[in-house]
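What's in target_5.tsv: TSV, C-alpha atoms and all ligand atoms
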```
chain	number	residue	atom	x	y	z
A	51	MET	CA	113.27	116.51	103.29
A	52	SER	CA	113.14	118.53	100.12
A	53	MET	CA	112.67	115.69	97.65
A	54	LYS	CA	109.08	114.83	96.89
A	55	ILE	CA	108.39	111.25	95.85
A	56	ILE	CA	105.17	109.45	94.99
A	57	ASP	CA	104.33	105.87	95.83
A	58	SER	CA	102.44	104.94	92.68
A	59	HIS	CA	101.27	101.58	94.04
A	60	CYS	CA	100.57	101.01	97.72
A	61	HIS	CA	97.95	98.75	99.30
A	62	PHE	CA	97.60	101.08	102.26
A	63	ASP	CA	94.12	99.72	102.99
A	64	ASP	CA	95.58	96.26	103.68
A	65	ALA	CA	94.76	94.83	107.13
A	66	ARG	CA	98.46	94.63	107.89
A	67	PHE	CA	98.37	98.42	108.27
A	68	ASP	CA	95.37	98.38	110.62
A	69	PRO	CA	97.44	98.40	113.83
A	70	ASP	CA	99.61	101.42	112.94
A	71	ARG	CA	98.26	103.11	109.82
A	72	ASP	CA	98.59	106.63	111.29
A	73	ALA	CA	102.23	106.03	112.23
A	74	ALA	CA	103.01	104.48	108.81
A	75	TYR	CA	101.42	107.51	107.14
A	76	HIS	CA	103.51	109.94	109.17
A	77	ARG	CA	106.70	107.96	108.51
A	78	ALA	CA	105.92	108.14	104.79
A	79	GLN	CA	105.40	111.89	104.99
A	80	ALA	CA	108.66	112.30	106.90
A	81	ALA	CA	110.40	110.32	104.13
A	82	GLY	CA	109.16	112.75	101.47
A	83	VAL	CA	106.34	110.57	100.13
A	84	VAL	CA	103.80	113.23	99.22
A	85	ALA	CA	101.19	111.01	97.57
A	86	LEU	CA	100.11	107.38	97.48
A	87	ILE	CA	98.06	105.69	94.79
A	88	VAL	CA	96.00	102.98	96.49
A	89	PRO	CA	94.74	100.28	94.11
A	90	ALA	CA	91.99	97.86	95.08
A	91	VAL	CA	91.99	94.08	94.92
A	92	THR	CA	88.37	92.95	95.40
A	93	ARG	CA	84.91	94.50	95.48
A	94	GLU	CA	84.75	93.90	99.24
A	95	SER	CA	87.80	96.13	99.68
A	96	TRP	CA	86.38	99.22	97.97
A	97	SER	CA	84.47	100.85	100.83
A	98	LYS	CA	87.33	100.54	103.33
A	99	LEU	CA	89.79	101.76	100.71
A	100	GLN	CA	87.58	104.75	99.94
A	101	ARG	CA	87.23	105.58	103.63
A	102	ILE	CA	91.00	105.42	104.20
A	103	CYS	CA	91.78	107.56	101.17
A	104	ARG	CA	89.36	110.20	102.49
A	105	SER	CA	91.01	110.12	105.92
A	106	TYR	CA	94.55	111.02	104.82
A	107	ALA	CA	95.71	113.87	102.60
A	108	GLY	CA	97.59	112.69	99.52
A	109	LEU	CA	95.97	109.27	99.24
A	110	HIS	CA	94.29	108.56	95.91
A	111	PRO	CA	92.02	105.58	95.27
A	112	ALA	CA	91.81	103.27	92.28
A	113	TYR	CA	89.08	100.66	91.97
A	114	GLY	CA	89.39	97.30	90.29
A	115	LEU	CA	89.40	93.52	90.51
A	116	HIS	CA	92.80	91.87	90.91
A	117	PRO	CA	93.53	88.74	88.82
A	118	MET	CA	94.95	86.80	91.79
A	119	PHE	CA	91.55	86.82	93.51
A	120	MET	CA	89.43	85.13	90.84
A	121	GLN	CA	87.65	82.91	93.38
A	122	GLN	CA	86.35	86.00	95.17
A	123	HIS	CA	85.08	87.86	92.12
A	124	ARG	CA	81.46	87.50	90.98
A	125	ALA	CA	80.04	88.16	87.53
A	126	SER	CA	78.11	91.12	88.96
A	127	ASP	CA	81.32	92.78	90.18
A	128	ILE	CA	81.90	94.44	86.80
A	129	ASP	CA	78.52	96.18	87.01
A	130	ALA	CA	79.37	97.13	90.59
A	131	LEU	CA	82.70	98.55	89.41
A	132	ASP	CA	80.92	100.54	86.73
A	133	LEU	CA	78.64	102.00	89.39
A	134	GLN	CA	81.54	102.68	91.78
A	135	LEU	CA	83.48	104.54	89.08
A	136	SER	CA	80.39	106.54	88.16
A	137	ARG	CA	79.94	107.95	91.66
A	138	ALA	CA	83.25	107.69	93.55
A	139	GLU	CA	86.32	109.76	92.91
A	140	ALA	CA	89.04	107.59	91.37
A	141	VAL	CA	92.41	108.29	89.78
A	142	ALA	CA	92.61	104.96	87.93
A	143	VAL	CA	91.01	101.59	87.26
A	144	GLY	CA	92.96	98.85	89.01
A	145	GLU	CA	94.51	96.81	90.11
A	146	CYS	CA	93.59	94.63	87.17
A	147	GLY	CA	95.48	92.45	84.74
A	148	LEU	CA	96.64	88.92	84.06
A	149	ASP	CA	98.58	86.55	86.29
A	150	PHE	CA	99.64	83.41	84.45
A	151	TYR	CA	102.38	82.72	87.01
A	152	ILE	CA	100.01	81.32	89.64
A	153	GLU	CA	99.22	77.61	89.51
A	154	GLN	CA	96.52	76.60	87.03
A	155	PRO	CA	95.46	80.13	86.13
A	156	ASP	CA	91.94	80.61	84.82
A	157	ARG	CA	93.21	82.26	81.65
A	158	ALA	CA	89.82	82.73	80.03
A	159	GLY	CA	88.22	84.09	83.19
A	160	GLN	CA	91.11	86.46	83.88
A	161	THR	CA	91.13	87.69	80.29
A	162	ALA	CA	87.40	88.41	80.31
A	163	LEU	CA	87.58	90.24	83.64
A	164	PHE	CA	90.60	92.27	82.55
A	165	THR	CA	89.08	93.18	79.19
A	166	ALA	CA	85.90	94.39	80.90
A	167	GLN	CA	87.99	96.62	83.16
A	168	LEU	CA	89.93	98.04	80.22
A	169	ALA	CA	86.57	98.94	78.68
A	170	LEU	CA	85.52	100.69	81.91
A	171	ALA	CA	88.79	102.63	82.02
A	172	GLU	CA	88.08	103.80	78.50
A	173	LYS	CA	84.49	104.66	79.41
A	174	TYR	CA	85.55	106.80	82.37
A	175	ASN	CA	88.67	108.13	80.67
A	176	LEU	CA	90.90	106.84	83.47
A	177	PRO	CA	94.36	105.26	83.35
A	178	VAL	CA	94.74	101.57	84.23
A	179	ILE	CA	97.00	100.02	86.85
A	180	ILE	CA	98.02	96.67	85.43
A	181	HIS	CA	99.39	93.60	87.15
A	182	ALA	CA	101.07	91.29	84.61
A	183	ARG	CA	103.02	88.18	85.53
A	184	LYS	CA	104.09	85.86	82.73
A	185	ALA	CA	101.52	87.73	80.67
A	186	VAL	CA	103.04	90.94	79.28
A	187	GLU	CA	102.60	89.76	75.69
A	188	GLU	CA	98.92	88.96	76.32
A	189	VAL	CA	98.47	92.39	77.92
A	190	LEU	CA	100.06	94.09	74.92
A	191	ASN	CA	97.72	92.18	72.62
A	192	LEU	CA	94.61	93.15	74.59
A	193	LEU	CA	95.67	96.80	74.72
A	194	ARG	CA	95.46	96.94	70.93
A	195	ARG	CA	91.70	96.98	71.28
A	196	PHE	CA	91.91	100.12	73.43
A	197	PRO	CA	94.23	102.46	71.56
A	198	ARG	CA	93.38	105.55	73.63
A	199	LEU	CA	94.11	103.96	77.02
A	200	ARG	CA	97.06	104.97	79.15
A	201	GLY	CA	98.38	103.38	82.29
A	202	VAL	CA	101.15	101.59	84.11
A	203	LEU	CA	102.46	98.06	84.33
A	204	HIS	CA	103.34	97.80	87.99
A	205	SER	CA	106.30	95.81	89.30
A	206	TYR	CA	107.26	95.39	85.67
A	207	SER	CA	108.98	92.13	84.85
A	208	GLY	CA	108.76	91.90	81.06
A	209	SER	CA	111.51	92.28	78.49
A	210	GLU	CA	113.18	95.44	77.28
A	211	GLN	CA	111.61	94.97	73.86
A	212	GLN	CA	108.14	94.71	75.41
A	213	ALA	CA	108.92	97.77	77.54
A	214	HIS	CA	109.56	99.79	74.41
A	215	ARG	CA	106.31	98.63	72.86
A	216	LEU	CA	104.53	99.74	76.03
A	217	ILE	CA	106.23	103.13	75.91
A	218	GLU	CA	105.13	103.56	72.30
A	219	ARG	CA	101.62	102.89	73.58
A	220	GLY	CA	102.00	105.69	76.14
A	221	PHE	CA	102.35	103.31	79.06
A	222	LEU	CA	104.69	103.60	82.03
A	223	MET	CA	106.33	101.00	84.23
A	224	SER	CA	106.77	101.13	87.98
A	225	PHE	CA	109.50	99.51	90.03
A	226	GLY	CA	109.89	98.75	93.71
A	227	GLY	CA	111.65	96.57	96.28
A	228	PRO	CA	112.73	93.77	93.93
A	229	LEU	CA	115.04	96.29	92.26
A	230	THR	CA	117.14	96.34	95.44
A	231	TYR	CA	117.84	92.61	95.42
A	232	PRO	CA	121.55	92.09	94.63
A	233	ASN	CA	120.77	89.35	92.11
A	234	ALA	CA	118.25	91.42	90.14
A	235	LYS	CA	120.74	91.92	87.30
A	236	ARG	CA	118.23	91.64	84.49
A	237	LEU	CA	115.98	94.22	86.14
A	238	HIS	CA	118.97	96.53	86.76
A	239	LYS	CA	119.95	96.39	83.10
A	240	LEU	CA	116.37	97.12	82.07
A	241	VAL	CA	115.87	100.16	84.31
A	242	SER	CA	119.26	101.56	83.33
A	243	ARG	CA	118.10	101.72	79.72
A	244	LEU	CA	114.53	102.99	80.00
A	245	PRO	CA	113.75	106.66	79.54
A	246	LEU	CA	113.16	108.28	82.93
A	247	GLU	CA	109.88	109.65	81.54
A	248	SER	CA	108.48	106.10	81.55
A	249	ILE	CA	109.37	105.15	85.13
A	250	MET	CA	107.50	105.51	88.41
A	251	LEU	CA	108.39	104.43	91.94
A	252	GLU	CA	106.20	101.99	93.84
A	253	SER	CA	106.29	100.18	97.15
A	254	ASP	CA	103.52	97.61	96.57
A	255	ALA	CA	103.42	97.73	100.38
A	256	PRO	CA	102.79	95.78	102.52
A	257	ASP	CA	104.33	93.33	100.00
A	258	GLN	CA	107.63	93.38	98.08
A	259	PRO	CA	109.95	94.93	100.72
A	260	ASP	CA	113.47	95.97	99.76
A	261	ALA	CA	116.52	93.75	100.28
A	262	ASP	CA	117.10	95.04	103.83
A	263	HIS	CA	113.53	94.24	104.93
A	264	ARG	CA	112.99	90.94	103.12
A	265	GLY	CA	110.42	88.75	104.86
A	266	GLY	CA	109.02	91.73	106.76
A	267	ARG	CA	106.25	94.18	106.10
A	268	ASN	CA	106.95	96.80	103.49
A	269	GLU	CA	105.74	100.37	103.88
A	270	PRO	CA	105.81	103.53	101.76
A	271	ALA	CA	108.39	105.21	104.05
A	272	LEU	CA	110.95	102.74	102.65
A	273	LEU	CA	110.53	103.99	99.08
A	274	GLY	CA	113.75	105.97	99.40
A	275	SER	CA	115.82	102.81	99.01
A	276	VAL	CA	114.28	102.21	95.58
A	277	LEU	CA	115.03	105.80	94.61
A	278	GLN	CA	118.60	105.41	95.85
A	279	LEU	CA	119.15	102.26	93.86
A	280	LEU	CA	117.71	103.78	90.70
A	281	ALA	CA	120.11	106.70	91.13
A	282	GLU	CA	123.08	104.34	91.42
A	283	ILE	CA	122.10	102.14	88.49
A	284	ARG	CA	121.29	105.03	86.19
A	285	SER	CA	124.14	107.30	87.34
A	286	GLU	CA	121.67	110.12	87.84
A	287	SER	CA	121.01	112.18	90.93
A	288	SER	CA	118.26	111.13	93.35
A	289	GLU	CA	116.87	114.65	92.98
A	290	GLU	CA	116.47	114.29	89.24
A	291	ILE	CA	114.87	110.84	89.54
A	292	ALA	CA	112.54	112.06	92.29
A	293	ARG	CA	111.56	115.09	90.24
A	294	GLN	CA	110.82	113.17	87.03
A	295	THR	CA	109.12	110.11	88.55
A	296	THR	CA	106.93	112.42	90.61
A	297	ALA	CA	106.06	114.43	87.51
A	298	ASN	CA	105.23	111.17	85.71
A	299	ALA	CA	102.80	110.10	88.43
A	300	VAL	CA	101.22	113.56	88.70
A	301	ASN	CA	100.68	113.51	84.95
A	302	LEU	CA	99.37	109.95	84.61
A	303	PHE	CA	96.96	110.09	87.55
A	304	ALA	CA	96.08	113.77	87.14
A	305	ILE	CA	96.68	114.49	90.81
A	306	GLU	CA	97.84	117.61	92.63
A	307	ILE	CA	100.67	117.51	95.13
A	401	ZN	ZN	99.42	95.48	93.96
```
Since I need it in another form, could you write the structure as structure tokens?
Amino acid sequence: MSMKIIDSHCHFDDARFDPDRDAAYHRAQAAGVVALIVPAVTRESWSKLQRICRSYAGLHPAYGLHPMFMQQHRASDIDALDLQLSRAEAVAVGECGLDFYIEQPDRAGQTALFTAQLALAEKYNLPVIIHARKAVEEVLNLLRRFPRLRGVLHSYSGSEQQAHRLIERGFLMSFGGPLTYPNAKRLHKLVSRLPLESIMLESDAPDQPDADHRGGRNEPALLGSVLQLLAEIRSESSEEIARQTTANAVNLFAIEI
């Protein structure tokens, strides 16, 4: 496999990979996936995530507090994150953000937690990996306070107009399995019009499998189907998309492949 692709968002530390993590890693390698960015979800996950990233070449950790796990976060977790970022290698702060799609979201709590993580990303000069559902406008507003920050909105689901405002801010967007759903017309139109320099590939594994694996476990080895679909929609070669999206990830996360 000559094409090198990067999975810019993979929860490879998830327990669903515990039974066959080695095999999943080798399948990813065989599929040309040369690097994985592994974002965290809760403070409890950090040590296992760190250990796994140290065990496999090409895995890069990010540390953060995910907005869908508000009940598990404690006020002291921000100080703990500060400490973690000060002494552990990390390529980004995340996964953090706002999720106003879930039922009865704690908007104030999420906003405070997210803002604190944006401040830490600025402090450590790291990019942010942002989760935003029904909240892209709120994210754009909060980013105004951090003009030097760069990062990615993962599994992007905002509008084209918002995408262009993000690009102006130096942000990227990553896309995964949902792109392969036949009814994802709005998403197809969006990715056909974005500059390739602003796009990265992601699996979000073990979640968000492609259309052929819906309901099953996703894994980074399946990232090729996302690449294939992008090539079709954009009428560009897979090679060119692989080359540029890989360059985008290398640049944003300052990694070597
Ligand atoms: Zn995620």
Report as a Markdown table the residues of chain A within 12 Å of ligand ZN 401 (chain A), each with its shortest atom pair and distance in Å (one decimal), using all atoms listed in the file, ordered by chain and increasing residue number.
```
| residue | atom | partner | partner_atom | distance |
| --- | --- | --- | --- | --- |
| A:Asp57 | CA | A:ZN401 | ZN | 11.6 |
| A:Ser58 | CA | A:ZN401 | ZN | 10.0 |
| A:His59 | CA | A:ZN401 | ZN | 6.4 |
| A:Cys60 | CA | A:ZN401 | ZN | 6.8 |
| A:His61 | CA | A:ZN401 | ZN | 6.4 |
| A:Phe62 | CA | A:ZN401 | ZN | 10.2 |
| A:Asp63 | CA | A:ZN401 | ZN | 11.3 |
| A:Asp64 | CA | A:ZN401 | ZN | 10.5 |
| A:Ile87 | CA | A:ZN401 | ZN | 10.3 |
| A:Val88 | CA | A:ZN401 | ZN | 8.6 |
| A:Pro89 | CA | A:ZN401 | ZN | 6.7 |
| A:Ala90 | CA | A:ZN401 | ZN | 7.9 |
| A:Val91 | CA | A:ZN401 | ZN | 7.6 |
| A:Thr92 | CA | A:ZN401 | ZN | 11.4 |
| A:Ala112 | CA | A:ZN401 | ZN | 11.0 |
| A:Tyr113 | CA | A:ZN401 | ZN | 11.7 |
| A:Gly114 | CA | A:ZN401 | ZN | 10.8 |
| A:Leu115 | CA | A:ZN401 | ZN | 10.8 |
| A:His116 | CA | A:ZN401 | ZN | 8.1 |
| A:Pro117 | CA | A:ZN401 | ZN | 10.3 |
| A:Met118 | CA | A:ZN401 | ZN | 10.0 |
| A:Phe119 | CA | A:ZN401 | ZN | 11.7 |
| A:Gly144 | CA | A:ZN401 | ZN | 8.8 |
| A:Glu145 | CA | A:ZN401 | ZN | 6.4 |
| A:Cys146 | CA | A:ZN401 | ZN | 9.0 |
| A:Gly147 | CA | A:ZN401 | ZN | 10.5 |
| A:Asp149 | CA | A:ZN401 | ZN | 11.8 |
| A:Ile179 | CA | A:ZN401 | ZN | 8.8 |
| A:Ile180 | CA | A:ZN401 | ZN | 8.7 |
| A:His181 | CA | A:ZN401 | ZN | 7.1 |
| A:Ala182 | CA | A:ZN401 | ZN | 10.4 |
| A:Arg183 | CA | A:ZN401 | ZN | 11.7 |
| A:Val202 | CA | A:ZN401 | ZN | 11.7 |
| A:Leu203 | CA | A:ZN401 | ZN | 10.4 |
| A:His204 | CA | A:ZN401 | ZN | 7.5 |
| A:Ser205 | CA | A:ZN401 | ZN | 8.3 |
| A:Tyr206 | CA | A:ZN401 | ZN | 11.4 |
| A:Ser224 | CA | A:ZN401 | ZN | 11.0 |
| A:Phe225 | CA | A:ZN401 | ZN | 11.5 |
| A:Gly226 | CA | A:ZN401 | ZN | 11.0 |
| A:Glu252 | CA | A:ZN401 | ZN | 9.4 |
| A:Ser253 | CA | A:ZN401 | ZN | 8.9 |
| A:Asp254 | CA | A:ZN401 | ZN | 5.3 |
| A:Ala255 | CA | A:ZN401 | ZN | 7.9 |
| A:Pro256 | CA | A:ZN401 | ZN | 9.2 |
| A:Asp257 | CA | A:ZN401 | ZN | 8.1 |
| A:Gln258 | CA | A:ZN401 | ZN | 9.4 |
```
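The residue set within 8 Å of Glu187 of chain A, counting all atoms listed in the file and dropping same-chain residues fewer than 3 places from it, reads Leu190, Asn191 and Gln212 of chain A.
Ranking A:Ala65, A:Ile152, A:Leu86, A:Ile128 by their shortest atom-to-atom distance to Gln167 of chain A, with only C-alpha atoms included, puts A:Ile128 first.
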Near segment 228-249 of chain A, 8 Å: segment 124-217 of chain A residue rows, closest pairs, only C-alpha atoms, as a tab-separated table:
```
residue	atom	partner	partner_atom	distance
A:Ser207	CA	A:Leu237	CA	7.4
A:Ser209	CA	A:Leu240	CA	7.7
A:Glu210	CA	A:Leu240	CA	6.0
A:Ile217	CA	A:Ser248	CA	6.8
```
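Surrounding residues of (100.3, 109.2, 109.6) at most 12 Å away are Phe62, Phe67, Asp68, Pro69, Asp70, Arg71, Asp72, Ala73, Ala74, Tyr75, His76, Arg77, Ala78, Gln79, Ala80, Ala81, Val83, Val84, Ile102, Ser105, Tyr106, Ala107, Gly108, Leu109, Glu269, Pro270 and Ala271 of chain A (based on all atoms listed in the file).
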Q: Grab the atom CA of Leu170 of chain A to atom CA of Glu139 of chain A distance for me, in Å with one decimal place.
A: 14.3 Å
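Considering all atoms listed in the file, the residue among A:Pro155, A:Ala125, A:Met250, A:Ser97 positioned nearest to Gln294 of chain A is A:Met250.
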Q | Given all atoms listed in the file as the counted atoms, nearest of A:Gln160, A:Leu222, A:Asn301, A:Trp96 to Gln121 of chain A | A | A:Gln160
Q) What is the atom CA of Gly274 of chain A to atom CA of Gln211 of chain A distance in Å? A) 27.9 Å
Q: Between atom CA of Ala130 of chain A and atom CA of Val143 of chain A, measure the distance and give it in Å to one decimal.
A: 12.9 Å
Centre and edge lengths of an axis-aligned box around all listed atoms of segment 150-169 of chain A, with 6 Å added on each side, are to be given in Å to one decimal, as lines of an AutoDock Vina configuration file.
```
center_x = 94.1
center_y = 87.8
center_z = 84.2
size_x = 28.5
size_y = 34.3
size_z = 23.0
```
(Q) Taking all atoms listed in the file into account, name the residue in A:Arg137, A:Val189, A:Ser126, A:Ser275 that is nearest to Thr161 of chain A. (A) A:Val189
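For the choices A:Glu282, A:Asp127, A:Glu188, A:Asp260, the atom-to-atom distance to Phe150 of chain A is smallest for A:Glu188 when using all atoms listed in the file.
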Complete segment 147-176 of chain A with N, CA and C atoms (output as a compact mmCIF listing (two decimals), keeping the file's coordinate frame).
```
# COMPACT_ATOMS: atom_id res chain seq x y z
N GLY A 147 94.42 93.00 85.59
CA GLY A 147 95.48 92.45 84.74
C GLY A 147 95.39 90.95 84.58
N LEU A 148 96.55 90.36 84.31
CA LEU A 148 96.64 88.92 84.06
C LEU A 148 97.79 88.35 84.88
N ASP A 149 97.53 87.24 85.57
CA ASP A 149 98.58 86.55 86.29
C ASP A 149 98.61 85.09 85.86
N PHE A 150 99.51 84.78 84.94
CA PHE A 150 99.64 83.41 84.45
C PHE A 150 100.79 82.69 85.15
N TYR A 151 101.29 83.30 86.21
CA TYR A 151 102.38 82.72 87.01
C TYR A 151 101.81 81.80 88.09
N ILE A 152 100.62 82.15 88.61
CA ILE A 152 100.01 81.32 89.64
C ILE A 152 99.69 79.94 89.07
N GLU A 153 99.50 78.97 89.95
CA GLU A 153 99.22 77.61 89.51
C GLU A 153 97.84 77.51 88.87
N GLN A 154 97.77 76.82 87.76
CA GLN A 154 96.52 76.60 87.03
C GLN A 154 95.67 77.87 86.90
N PRO A 155 96.23 78.89 86.27
CA PRO A 155 95.46 80.13 86.13
C PRO A 155 94.23 79.93 85.25
N ASP A 156 93.16 80.61 85.63
CA ASP A 156 91.94 80.61 84.82
C ASP A 156 92.13 81.69 83.73
N ARG A 157 92.81 81.29 82.68
CA ARG A 157 93.21 82.26 81.65
C ARG A 157 91.99 82.95 81.02
N ALA A 158 91.00 82.16 80.69
CA ALA A 158 89.82 82.73 80.03
C ALA A 158 89.08 83.69 80.97
N GLY A 159 88.92 83.26 82.21
CA GLY A 159 88.22 84.09 83.19
C GLY A 159 88.97 85.38 83.47
N GLN A 160 90.28 85.27 83.64
CA GLN A 160 91.11 86.46 83.88
C GLN A 160 91.05 87.42 82.69
N THR A 161 91.12 86.86 81.50
CA THR A 161 91.13 87.69 80.29
C THR A 161 89.81 88.45 80.15
N ALA A 162 88.71 87.76 80.41
CA ALA A 162 87.40 88.41 80.31
C ALA A 162 87.27 89.53 81.34
N LEU A 163 87.69 89.24 82.57
CA LEU A 163 87.58 90.24 83.64
C LEU A 163 88.47 91.46 83.36
N PHE A 164 89.66 91.19 82.86
CA PHE A 164 90.60 92.27 82.55
C PHE A 164 90.07 93.12 81.39
N THR A 165 89.59 92.46 80.36
CA THR A 165 89.08 93.18 79.19
C THR A 165 87.91 94.09 79.58
N ALA A 166 87.04 93.58 80.44
CA ALA A 166 85.90 94.39 80.90
C ALA A 166 86.37 95.62 81.65
N GLN A 167 87.47 95.48 82.40
CA GLN A 167 87.99 96.62 83.16
C GLN A 167 88.70 97.63 82.25
N LEU A 168 89.34 97.13 81.20
CA LEU A 168 89.93 98.04 80.22
C LEU A 168 88.83 98.88 79.57
N ALA A 169 87.70 98.22 79.29
CA ALA A 169 86.57 98.94 78.68
C ALA A 169 86.03 100.01 79.63
N LEU A 170 85.99 99.70 80.93
CA LEU A 170 85.52 100.69 81.91
C LEU A 170 86.50 101.85 82.02
N ALA A 171 87.79 101.55 81.97
CA ALA A 171 88.79 102.63 82.02
C ALA A 171 88.60 103.57 80.83
N GLU A 172 88.32 102.98 79.69
CA GLU A 172 88.08 103.80 78.50
C GLU A 172 86.81 104.64 78.68
N LYS A 173 85.77 103.97 79.20
CA LYS A 173 84.49 104.66 79.41
C LYS A 173 84.64 105.87 80.32
N TYR A 174 85.41 105.71 81.39
CA TYR A 174 85.55 106.80 82.37
C TYR A 174 86.80 107.64 82.13
N ASN A 175 87.48 107.37 81.03
CA ASN A 175 88.67 108.13 80.67
C ASN A 175 89.70 108.15 81.80
N LEU A 176 89.94 106.97 82.37
CA LEU A 176 90.90 106.84 83.47
C LEU A 176 92.07 105.96 83.03
```
